[in-house]
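Shown below: target.cif, with mmCIF, C-alpha atoms and all ligand atoms; chains and numbers go by the auth columns.
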```
data_model
loop_
_atom_site.group_PDB
_atom_site.id
_atom_site.type_symbol
_atom_site.label_atom_id
_atom_site.label_comp_id
_atom_site.label_asym_id
_atom_site.label_seq_id
_atom_site.Cartn_x
_atom_site.Cartn_y
_atom_site.Cartn_z
_atom_site.B_iso_or_equiv
_atom_site.auth_seq_id
_atom_site.auth_asym_id
ATOM 1 C CA MET A 1 11.551 -0.100 9.688 0.00 258 R
ATOM 2 C CA THR A 2 8.396 -0.851 11.686 0.00 259 R
ATOM 3 C CA CYS A 3 5.030 -1.915 10.300 0.00 260 R
ATOM 4 C CA LYS A 4 3.594 1.452 11.259 0.00 261 R
ATOM 5 C CA ARG A 5 6.263 3.368 9.383 0.00 262 R
ATOM 6 C CA TYR A 6 5.958 0.985 6.470 0.00 263 R
ATOM 7 C CA LEU A 7 2.221 1.674 6.227 0.00 264 R
ATOM 8 C CA ALA A 8 2.779 5.405 6.443 0.00 265 R
ATOM 9 C CA LEU A 9 5.216 5.243 3.515 0.00 266 R
ATOM 10 C CA LEU A 10 3.473 2.660 1.386 0.00 267 R
ATOM 11 C CA ASN A 11 1.557 5.125 -0.740 0.00 268 R
ATOM 12 C CA GLU A 12 4.743 6.942 -1.731 0.00 269 R
ATOM 13 C CA TYR A 13 6.484 3.624 -2.253 0.00 270 R
ATOM 14 C CA VAL A 14 3.822 2.558 -4.747 0.00 271 R
ATOM 15 C CA GLU A 15 4.159 5.935 -6.457 0.00 272 R
ATOM 16 C CA CYS A 16 7.969 5.554 -6.507 0.00 273 R
ATOM 17 C CA THR A 17 8.501 8.975 -4.976 0.00 274 R
ATOM 18 C CA LEU A 18 10.726 7.847 -2.095 0.00 275 R
ATOM 19 C CA PRO A 19 14.519 8.081 -1.947 0.00 276 R
ATOM 20 C CA GLN A 20 16.288 4.896 -3.008 0.00 277 R
ATOM 21 C CA GLU A 21 17.462 3.985 0.489 0.00 278 R
ATOM 22 C CA VAL A 22 13.933 4.261 1.893 0.00 279 R
ATOM 23 C CA GLN A 23 12.623 2.049 -0.896 0.00 280 R
ATOM 24 C CA ASP A 24 15.319 -0.478 -0.005 0.00 281 R
ATOM 25 C CA ASP A 25 14.249 -0.328 3.656 0.00 282 R
ATOM 26 C CA ILE A 26 10.660 -0.990 2.660 0.00 283 R
ATOM 27 C CA ARG A 27 11.644 -3.915 0.457 0.00 284 R
ATOM 28 C CA ALA A 28 13.774 -5.338 3.274 0.00 285 R
ATOM 29 C CA HIS A 29 10.844 -4.984 5.668 0.00 286 R
ATOM 30 C CA MET A 30 8.516 -6.809 3.273 0.00 287 R
ATOM 31 C CA GLU A 31 10.963 -9.689 3.088 0.00 288 R
ATOM 32 C CA THR A 32 10.802 -10.193 6.836 0.00 289 R
ATOM 33 C CA CYS A 33 7.135 -9.349 7.383 0.00 290 R
ATOM 34 C CA PRO A 34 4.522 -11.532 5.630 0.00 291 R
ATOM 35 C CA ARG A 35 1.608 -9.327 6.691 0.00 292 R
ATOM 36 C CA CYS A 36 3.140 -6.266 5.089 0.00 293 R
ATOM 37 C CA ARG A 37 3.914 -8.283 1.982 0.00 294 R
ATOM 38 C CA VAL A 38 0.267 -9.297 1.655 0.00 295 R
ATOM 39 C CA PHE A 39 -0.794 -5.748 2.343 0.00 296 R
ATOM 40 C CA TYR A 40 1.474 -4.411 -0.383 0.00 297 R
ATOM 41 C CA ARG A 41 0.097 -6.892 -2.897 0.00 298 R
ATOM 42 C CA THR A 42 -3.494 -6.022 -2.046 0.00 299 R
ATOM 43 C CA TYR A 43 -2.776 -2.328 -2.036 0.00 300 R
ATOM 44 C CA SER A 44 -0.888 -2.172 -5.307 0.00 301 R
ATOM 45 C CA LEU A 45 -3.559 -4.330 -6.934 0.00 302 R
ATOM 46 C CA THR A 46 -6.224 -1.920 -5.743 0.00 303 R
ATOM 47 C CA ILE A 47 -4.284 0.993 -7.165 0.00 304 R
ATOM 48 C CA SER A 48 -3.714 -0.640 -10.530 0.00 305 R
ATOM 49 C CA LEU A 49 -7.339 -1.746 -10.760 0.00 306 R
ATOM 50 C CA SER A 50 -8.557 1.732 -9.965 0.00 307 R
ATOM 51 C CA ARG A 51 -6.173 3.202 -12.550 0.00 308 R
ATOM 52 C CA ARG A 52 -7.424 0.803 -15.168 0.00 309 R
ATOM 53 C CA ALA A 53 -10.987 1.626 -14.244 0.00 310 R
ATOM 54 C CA GLU A 54 -10.428 5.366 -14.431 0.00 311 R
ATOM 55 C CA SER A 55 -12.001 5.809 -17.843 0.00 312 R
ATOM 56 C CA THR A 56 -15.017 3.706 -16.938 0.00 313 R
ATOM 57 C CA CYS A 57 -15.184 5.232 -13.472 0.00 314 R
ATOM 58 C CA CYS A 58 -15.728 2.048 -11.463 0.00 315 R
ATOM 59 C CA ILE A 59 -13.732 3.019 -8.390 0.00 316 R
ATOM 60 C CA SER A 60 -13.397 6.585 -7.201 0.00 317 R
ATOM 61 C CA ASP A 61 -10.401 7.996 -5.331 0.00 318 R
ATOM 62 C CA ASP A 62 -12.674 8.213 -2.352 0.00 319 R
ATOM 63 C CA GLN A 63 -13.372 4.484 -2.489 0.00 320 R
ATOM 64 C CA VAL A 64 -9.687 3.692 -2.818 0.00 321 R
ATOM 65 C CA ASP A 65 -9.035 5.811 0.268 0.00 322 R
ATOM 66 C CA ARG A 66 -11.744 4.015 2.180 0.00 323 R
ATOM 67 C CA LEU A 67 -10.440 0.631 1.122 0.00 324 R
ATOM 68 C CA ARG A 68 -6.948 1.617 2.169 0.00 325 R
ATOM 69 C CA THR A 69 -8.213 2.740 5.584 0.00 326 R
ATOM 70 C CA LEU A 70 -10.067 -0.556 5.954 0.00 327 R
ATOM 71 C CA LEU A 71 -7.001 -2.581 5.036 0.00 328 R
ATOM 72 C CA VAL A 72 -4.818 -0.621 7.434 0.00 329 R
ATOM 73 C CA SER A 73 -7.283 -1.124 10.289 0.00 330 R
ATOM 74 C CA ARG A 74 -7.514 -4.865 9.555 0.00 331 R
ATOM 75 C CA LEU A 75 -3.764 -5.232 9.354 0.00 332 R
ATOM 76 C CA CYS A 76 -3.100 -3.341 12.556 0.00 333 R
ATOM 77 C CA LYS A 77 -5.700 -5.278 14.520 0.00 334 R
ATOM 78 C CA LYS A 78 -4.162 -8.020 16.629 0.00 335 R
HETATM 79 ZN ZN ZN B . 5.419 -5.243 8.719 0.00 1 X
#
```
Give the structure from this file in structure tokens form.
Ligand SMILES: [Zn+2]
Amino acid sequence: MTCKRYLALLNEYVECTLPQEVQDDIRAHMETCPRCRVFYRTYSLTISLSRRAESTCCISDDQVDRLRTLLVSRLCKK
């Protein structure tokens, strides 16, 4: 599991739509990679906040997408 692959799969991981062995790979990667661990925390928090805000419409899907793109670009920057 590389960081790039991890990032590509993270959305499905958060949605729990990946096969068990892929989820295990992702978890194993997070244990060895602090940056991806931080990214996961930030990302899942964003998702849960946006879900909670759905009825009051604070964050749109579009904004979540943009935030995700921003986080990915920050994380991948050396
Ligand atoms: Zn990583």
Within 12 Å of ligand ZN 1 (chain X) (all atoms listed in the file), residues as number ranges by chain: R: 258-267, 282-297, 329, 332-333
Protein and nucleic acid residues near (-0.4, 1.0, -11.6) (cut-off 12 Å, all atoms listed in the file) as a list in words: Asn268, Tyr270, Val271, Glu272, Cys273, Arg298, Tyr300, Ser301, Leu302, Thr303, Ile304, Ser305, Leu306, Ser307, Arg308, Arg309, Ala310 and Glu311 of chain R
Contacts of Glu269 (chain R) at 10 Å or less, counting all atoms listed in the file, minus same-chain residues fewer than 6 places along, as a compact mmCIF listing (two decimals) with C-alpha atoms, in the frame of the given file?
```txt
# COMPACT_ATOMS: atom_id res chain seq x y z
CA LEU R 275 10.73 7.85 -2.10
CA PRO R 276 14.52 8.08 -1.95
CA GLN R 280 12.62 2.05 -0.90
```
Give me the box for region 292-308 of chain R as AutoDock Vina command-line options, namely the centre and edge lengths in Å to one decimal of a box along x, y and z that holds every listed atom plus 6 Å on each side.
```
--center_x -2.3 --center_y -3.1 --center_z -2.9 --size_x 24.5 --size_y 24.5 --size_z 31.2
```
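Of note, CA of Thr299 (chain R) and CA of Gln320 (chain R) are spaced 14.4 Å apart.
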